[in-house]
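Please read the structure below before turning to the comments.
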Amino acid sequence: MLLLVEEKQFAQAVESLWKILTELHISCCITLGTVSQEGENLSHPWNKVCINGIWYNVDLTWDSESKNIKKLLQSDADFPYHVPYSENKREQCLISYPKE
């Protein structure tokens, strides 16, 4: 049961940020990949947001577990434990705004 609750929290965090960003007309996407945690690679969604033409990663789910915001507006290089399923930037987005 705990796993189902955690998966629901992941989805709610990603969807909540998605809704806010699209309402503000900010280019963004939902990315799915794996995260490395305690030696395991787990399937995990997170957001990407485009600010001044540069794409940044945002993971509100992981930051919700800590008082320190570490996963907000990180470049791919600064986000080593998050690996998208595709290396192709266009294919990384499950859904994007605005639609291309």
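Ligands are numbered from 1 in the order shown, chains are lettered A, B, ... in the order of the structure tokens, and residues start at 1 in each chain.
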- Skip Thr34 of chain A itself and residues of its chain fewer than 3 positions away, then list as a list in words all residues within 12 Å of it, counting only C-alpha atoms.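 Near Thr34 of chain A, the qualifying residues are Thr31, Gln37, Gly39, Glu40, Asn41, Leu42, Ser43, His44, Pro45, Trp46, Phe79, Pro80, Tyr81, His82, Val83, Pro84, Tyr85, Ser86 and Gln92 of chain A.
Ranking A:Cys28, A:Ser16, A:Ser96, A:Leu21 by their shortest atom-to-atom distance to Val49 of chain A, with only C-alpha atoms included, puts A:Cys28 first.
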- Message: Which residues are close to Leu60 of chain A, i.e. within 8 Å by only C-alpha atoms, leaving aside same-chain residues fewer than 5 positions away? Reply as a list in words.
- Response: Ala13, Val14, Trp46, Lys71 and Leu72 of chain A
- Query: Leaving out Tyr56 of chain A and any residue of its chain fewer than 4 positions from it, which residues lie within 6 Å of it when counting only C-alpha atoms, given as an MDAnalysis selection string?
  - Reply: chainID A and resid 48:49 73:75
- Point-to-point distance from atom CA of Asn52 of chain A to atom CA of Asn88 of chain A, Å rounded to tenths: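 We find that atom CA of Asn52 of chain A and atom CA of Asn88 of chain A lie 20.9 Å from each other.
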- Task: Choose the residue, out of A:Lys19, A:Gln12, A:Cys29, A:Leu24, that has the smallest atom-to-atom separation from Leu94 of chain A; count only C-alpha atoms.
- Result: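 Using only C-alpha atoms, Leu94 of chain A sits closest to A:Cys29.
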- Message: What parts of segment 23-66 of chain A does DSSP call helix (DSSP H, G or I)? I'd like the answer as number ranges by chain.
- Response: A: 23, 60-63
For the residues selected in the previous step, produce a file with N, CA and C atoms as a PDB file, in the first residue's frame.
ATOM      1  N   GLU A  23      -0.551  27.226 -16.993  1.00  0.00           N
ATOM      2  CA  GLU A  23      -1.417  28.382 -16.754  1.00  0.00           C
ATOM      3  C   GLU A  23      -0.635  29.689 -16.842  1.00  0.00           C
ATOM      4  N   LEU A  60       9.988  18.137  -7.779  1.00  0.00           N
ATOM      5  CA  LEU A  60       9.346  18.512  -6.527  1.00  0.00           C
ATOM      6  C   LEU A  60       9.147  17.317  -5.602  1.00  0.00           C
ATOM      7  N   THR A  61       9.058  16.126  -6.172  1.00  0.00           N
ATOM      8  CA  THR A  61       8.854  14.929  -5.363  1.00  0.00           C
ATOM      9  C   THR A  61      10.025  14.710  -4.424  1.00  0.00           C
ATOM     10  N   TRP A  62      11.237  14.735  -4.957  1.00  0.00           N
ATOM     11  CA  TRP A  62      12.408  14.503  -4.116  1.00  0.00           C
ATOM     12  C   TRP A  62      12.639  15.657  -3.162  1.00  0.00           C
ATOM     13  N   ASP A  63      12.368  16.896  -3.593  1.00  0.00           N
ATOM     14  CA  ASP A  63      12.550  18.035  -2.701  1.00  0.00           C
ATOM     15  C   ASP A  63      11.526  18.055  -1.573  1.00  0.00           C
TER      16      ASP A  63
END
